[in-house]
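To start, the structure itself, in structure tokens.
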Amino acid sequence: MAERLSLPELPYDYGALEPAISGEIMLLHHQKHHKTYVTNFNNALQQLEDAVSKSDASAIVQLQSALKFNGGGHINHSIFWKNLAPVSQGGGEPPKGSLGNEIEKEFGSLEALVHKMNSEGAALQGSGWVWLALDKEFKRLLVETTFNQDPLVTKGSSLVPLLGIDVWEHAYYLQYKNAKADYLANIWKVMNWNYASEVYEKECP
Amino acid sequence: MAASAAAAIGSPLKCGLISSQGFSGSTRSFLWRKNEKRNVRKGCRGVVTAKIDLRPPPYSLDALEPHMSRETFEYHWGKHHRAYVDNLNKQIVGTELDTKTLEDIILLTYNKGDLLPPFNNAAQVWNHDFFWESMKPGGGGKPSGELLELINRDFGSFEGFVNEFKAAAATQFGSGWAWLVYKANRLNVGNAVNPLPSDEDKKLVVVKSPNAVNPLVWDYSPLLTIDVWEHAYYLDFQNRRPDYISTFMEKLVSWDAVNSRLEAAKARAAEREEEEERKKTEYEDNQADLDAREMYLESSDAADDSEAD
């Protein structure tokens, strides 16, 4: 039997990212939205195992969208919690070291990267994510978007997520309402570049 | 002002066009030019305005409390819907789209699925107009009369319909809409003609659509919709989309609106059938003429040949 997913713990208190992201949102986002992805994925996985053991091809195929959506939701949000950090734990501190250099090289400046990600995030219609990605094959950084809960790999199997910003409305609505651009501007104040650097340095030692 | 708005639109694009006379199926290429100031309409004092309006809901912003709050309306109608209208007008001013109806803009920019930039705004303007009108204070309950008969016929029972509609709304992953539509002998394949249209093809169907897409692009007649973008319910229900959907069904649906839309849809379908019948007869008459002509020419050729001998 495949291992069941479980909801990862948040590495900080629900209110620790204020005022950039409210405690109310963090609580709902983690305990309701993410938890639901986990629960629904596990249900779909159970049904998949049943279908596989019966060689029920039709059921196997039918379960794919639930697996993709809920599994993707779990994957994406697990990265997201690590992408963020309270200011007291380094949130918002710009990247140093090799990632910082690579950003300058690829985008000109950190500001340019932020501007690009915010533009893409603002322009995304509907629900999705905007990513800072590393193409580990070509060792290049790029900005990418995915719709709904599609993980970054759906845009390229060699893409590794360094940072992801959730631009589903549930990620900001209670606090920012329709002002998505304000949410995007503020989230950089709690961005955990340490995590991004760790991932980058592992792939590009 | 128009120039900068036009410049913001982007490079010229070609797209397939459904002839503005209707859905005759013929297409011609449509060049959507920036800077082409065709039919720019001037309001007072020479200010350029495109013509799509923000229509208010047919009730006050607090009329659906406590099921859908005033605060939700202030944002949903006052900010989101308004932004779709404003942004659409900016995109179409000074272009060929500026003179078209909203529905035509939607169909043109849907571009058979290869969406042009104004599509999202245009479709969302229409969707939200349709959504406000799908609700009323003191709504909910059950439909009656022919509508209920059709629901019973096509869904087995009213409860069967409700379950299917709720399921569609709950499983539209991401942003989108769930719909009850009247499908009048359309086949499921785009631009295919139903060779044997029958009354059985005229069905009520539940469909769901992502983001801004709506059933107009599938040539269905929408009767009812629920908005399942998170902004529609997050202030009142947070993550509890199923509760929102249930509240909508039990307390908000305007079956009066659904009824009148059904009547309109049936009338349109009847008109279209007549038109298609007329065209078919015309075509057959033409073919008969051509056949007669061919026969005449063949026989006169034969006569010439025999004379030559």
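For the structure tokens, the naming scheme is as follows: chains receive sequential letters (A, B, ...) according to their order of presentation, residues are indexed from 1 within each chain, and ligands are indexed from 1 in presentation order.
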Contacts between chain B and chain A, please, where a residue of chain A counts if it comes within 7 Å (with only C-alpha atoms); show its shortest atom pair and distance in Å to one decimal, rows by chain and ascending number, as a tab-separated table.
residue	atom	partner	partner_atom	distance
A:Lys32	CA	B:Asn239	CA	7.0
A:His33	CA	B:Asn239	CA	6.8
A:Gly126	CA	B:Asn211	CA	5.3
A:Ser127	CA	B:Gly174	CA	5.5
A:Asn148	CA	B:Gly174	CA	5.2
A:Glu169	CA	B:Glu230	CA	5.9
A:His170	CA	B:Glu230	CA	6.5
A:Leu174	CA	B:Leu235	CA	6.3
A:Asn178	CA	B:His80	CA	6.9
Output of the above residues as an mmCIF file, in the first residue's frame, restricted to N, CA and C atoms:
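Saved to out-v2.cif:
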data_model
loop_
_atom_site.group_PDB
_atom_site.id
_atom_site.type_symbol
_atom_site.label_atom_id
_atom_site.label_comp_id
_atom_site.auth_asym_id
_atom_site.auth_seq_id
_atom_site.Cartn_x
_atom_site.Cartn_y
_atom_site.Cartn_z
ATOM 1 N N LYS A 32 -7.368 24.269 6.387
ATOM 2 C CA LYS A 32 -8.526 23.911 5.587
ATOM 3 C C LYS A 32 -8.110 23.544 4.164
ATOM 4 N N HIS A 33 -7.563 24.501 3.435
ATOM 5 C CA HIS A 33 -7.273 24.237 2.022
ATOM 6 C C HIS A 33 -6.251 23.126 1.849
ATOM 7 N N GLY A 126 -7.692 33.605 -13.396
ATOM 8 C CA GLY A 126 -8.186 32.420 -12.707
ATOM 9 C C GLY A 126 -7.269 32.066 -11.551
ATOM 10 N N SER A 127 -7.013 30.782 -11.390
ATOM 11 C CA SER A 127 -6.239 30.307 -10.242
ATOM 12 C C SER A 127 -4.926 29.702 -10.696
ATOM 13 N N ASN A 148 -4.178 26.372 -11.881
ATOM 14 C CA ASN A 148 -4.830 25.544 -10.871
ATOM 15 C C ASN A 148 -3.796 24.995 -9.902
ATOM 16 N N GLU A 169 -7.202 32.993 -5.209
ATOM 17 C CA GLU A 169 -7.804 34.051 -4.400
ATOM 18 C C GLU A 169 -7.803 33.703 -2.910
ATOM 19 N N HIS A 170 -7.885 32.402 -2.591
ATOM 20 C CA HIS A 170 -7.923 32.058 -1.161
ATOM 21 C C HIS A 170 -6.626 32.468 -0.461
ATOM 22 N N LEU A 174 -9.192 37.448 1.986
ATOM 23 C CA LEU A 174 -9.741 37.990 3.231
ATOM 24 C C LEU A 174 -9.021 39.264 3.650
ATOM 25 N N ASN A 178 -9.803 42.287 -3.676
ATOM 26 C CA ASN A 178 -9.461 42.171 -5.083
ATOM 27 C C ASN A 178 -8.090 42.755 -5.420
#
Do you know which residues are at most 8 Å from range 128-145 of chain B counting only C-alpha atoms, after dropping those on the same chain fewer than 5 positions away, and could you put them as a PyMOL selection string? chain B and resi 55+57-59+63-64+81+158+224-227+248-255+257-258
From a DSSP calculation on the backbone, collect every residue of range 5-166 of chain A in strand (DSSP E) and output the set as a PyMOL selection string. chain A and resi 128-135+140-147+159-166
Kindly save the residues from that selection, with C-alpha atoms included, as a compact mmCIF listing (two decimals), in the first residue's frame.
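Saved to part.txt:
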# COMPACT_ATOMS: atom_id res chain seq x y z
CA GLY A 128 -2.61 29.26 -10.27
CA TRP A 129 0.96 29.84 -9.19
CA VAL A 130 3.92 31.93 -10.27
CA TRP A 131 7.34 30.32 -9.83
CA LEU A 132 11.01 31.13 -9.74
CA ALA A 133 12.32 27.96 -11.35
CA LEU A 134 15.70 26.41 -11.91
CA ASP A 135 16.13 24.43 -15.07
CA ARG A 140 19.30 28.51 -15.77
CA LEU A 141 16.77 30.47 -13.79
CA LEU A 142 13.40 31.33 -15.22
CA VAL A 143 9.98 32.61 -14.22
CA GLU A 144 7.10 30.29 -14.96
CA THR A 145 3.38 30.08 -14.18
CA THR A 146 1.11 27.08 -13.72
CA PHE A 147 -2.68 26.95 -13.64
CA LEU A 159 12.30 22.40 -13.66
CA VAL A 160 12.94 22.68 -9.93
CA PRO A 161 10.86 25.13 -7.89
CA LEU A 162 12.92 27.61 -5.89
CA LEU A 163 10.06 29.92 -4.94
CA GLY A 164 6.36 29.71 -5.58
CA ILE A 165 3.68 32.35 -5.00
CA ASP A 166 0.13 31.12 -4.61
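Residues in contact with Val114 in chain A at 10 Å, where only C-alpha atoms are counted and same-chain residues fewer than 6 positions away are skipped, are listed as Phe107, Glu120, Leu132, Val143, Leu184, Ala185 and Trp188 of chain A.
Interatomic distance, CA of Lys54 in chain A to CA of Glu164 in chain B: 27.7 Å.
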Which neighbours of Gly71 in chain A fall inside 10 Å, counting only C-alpha atoms, when residues of the same chain fewer than 5 positions from it are skipped, and could you give them as number ranges by chain? A: 5, 37-42, 44-45, 65-66, 76, 149-151
Find the residues near Ser197 in chain A: any atom within 10 Å, counting only C-alpha atoms, skip ones fewer than 4 places away on the same chain, and give them as a PDB file with N, CA and C atoms, in the first residue's frame.
ATOM      1  N   PRO A  95      18.503  37.427  -1.359  1.00  0.00           N
ATOM      2  CA  PRO A  95      19.378  36.262  -1.518  1.00  0.00           C
ATOM      3  C   PRO A  95      20.838  36.688  -1.637  1.00  0.00           C
ATOM      4  N   LYS A  96      21.703  35.900  -1.005  1.00  0.00           N
ATOM      5  CA  LYS A  96      23.137  36.170  -1.132  1.00  0.00           C
ATOM      6  C   LYS A  96      23.750  34.978  -1.869  1.00  0.00           C
ATOM      7  N   GLY A  97      25.053  35.005  -1.960  1.00  0.00           N
ATOM      8  CA  GLY A  97      25.749  33.834  -2.493  1.00  0.00           C
ATOM      9  C   GLY A  97      25.426  33.585  -3.953  1.00  0.00           C
ATOM     10  N   SER A  98      25.536  32.318  -4.316  1.00  0.00           N
ATOM     11  CA  SER A  98      25.472  31.979  -5.745  1.00  0.00           C
ATOM     12  C   SER A  98      24.098  32.276  -6.338  1.00  0.00           C
ATOM     13  N   LEU A  99      23.023  32.088  -5.565  1.00  0.00           N
ATOM     14  CA  LEU A  99      21.694  32.377  -6.121  1.00  0.00           C
ATOM     15  C   LEU A  99      21.561  33.863  -6.402  1.00  0.00           C
ATOM     16  N   GLY A 100      22.018  34.695  -5.449  1.00  0.00           N
ATOM     17  CA  GLY A 100      21.964  36.133  -5.648  1.00  0.00           C
ATOM     18  C   GLY A 100      22.693  36.545  -6.921  1.00  0.00           C
ATOM     19  N   LEU A 162      12.161  26.946  -6.940  1.00  0.00           N
ATOM     20  CA  LEU A 162      12.920  27.607  -5.887  1.00  0.00           C
ATOM     21  C   LEU A 162      11.986  28.426  -5.004  1.00  0.00           C
ATOM     22  N   LEU A 163      11.082  29.155  -5.643  1.00  0.00           N
ATOM     23  CA  LEU A 163      10.059  29.925  -4.935  1.00  0.00           C
ATOM     24  C   LEU A 163       8.749  29.820  -5.694  1.00  0.00           C
ATOM     25  N   ASN A 192      11.312  33.651   1.873  1.00  0.00           N
ATOM     26  CA  ASN A 192      12.413  32.939   2.512  1.00  0.00           C
ATOM     27  C   ASN A 192      13.474  32.576   1.474  1.00  0.00           C
ATOM     28  N   TRP A 193      14.366  33.512   1.222  1.00  0.00           N
ATOM     29  CA  TRP A 193      15.399  33.279   0.224  1.00  0.00           C
ATOM     30  C   TRP A 193      16.397  32.211   0.683  1.00  0.00           C
ATOM     31  N   GLU A 201      21.652  25.709  -4.388  1.00  0.00           N
ATOM     32  CA  GLU A 201      23.031  25.260  -4.203  1.00  0.00           C
ATOM     33  C   GLU A 201      23.140  23.748  -4.265  1.00  0.00           C
ATOM     34  N   LYS A 202      22.065  23.087  -3.915  1.00  0.00           N
ATOM     35  CA  LYS A 202      22.082  21.625  -3.995  1.00  0.00           C
ATOM     36  C   LYS A 202      22.139  21.177  -5.462  1.00  0.00           C
ATOM     37  N   GLU A 203      21.380  21.874  -6.312  1.00  0.00           N
ATOM     38  CA  GLU A 203      21.346  21.499  -7.730  1.00  0.00           C
ATOM     39  C   GLU A 203      22.543  22.037  -8.489  1.00  0.00           C
ATOM     40  N   CYS A 204      23.063  23.161  -8.043  1.00  0.00           N
ATOM     41  CA  CYS A 204      24.197  23.804  -8.716  1.00  0.00           C
ATOM     42  C   CYS A 204      25.309  24.022  -7.711  1.00  0.00           C
TER      43      CYS A 204
END
Which residues are close to Asn186 in chain A, i.e. within 10 Å by only C-alpha atoms, leaving aside same-chain residues fewer than 3 positions away? Reply as a VMD selection string. chain A and resid 19 to 21 92 181 to 183 189 to 191
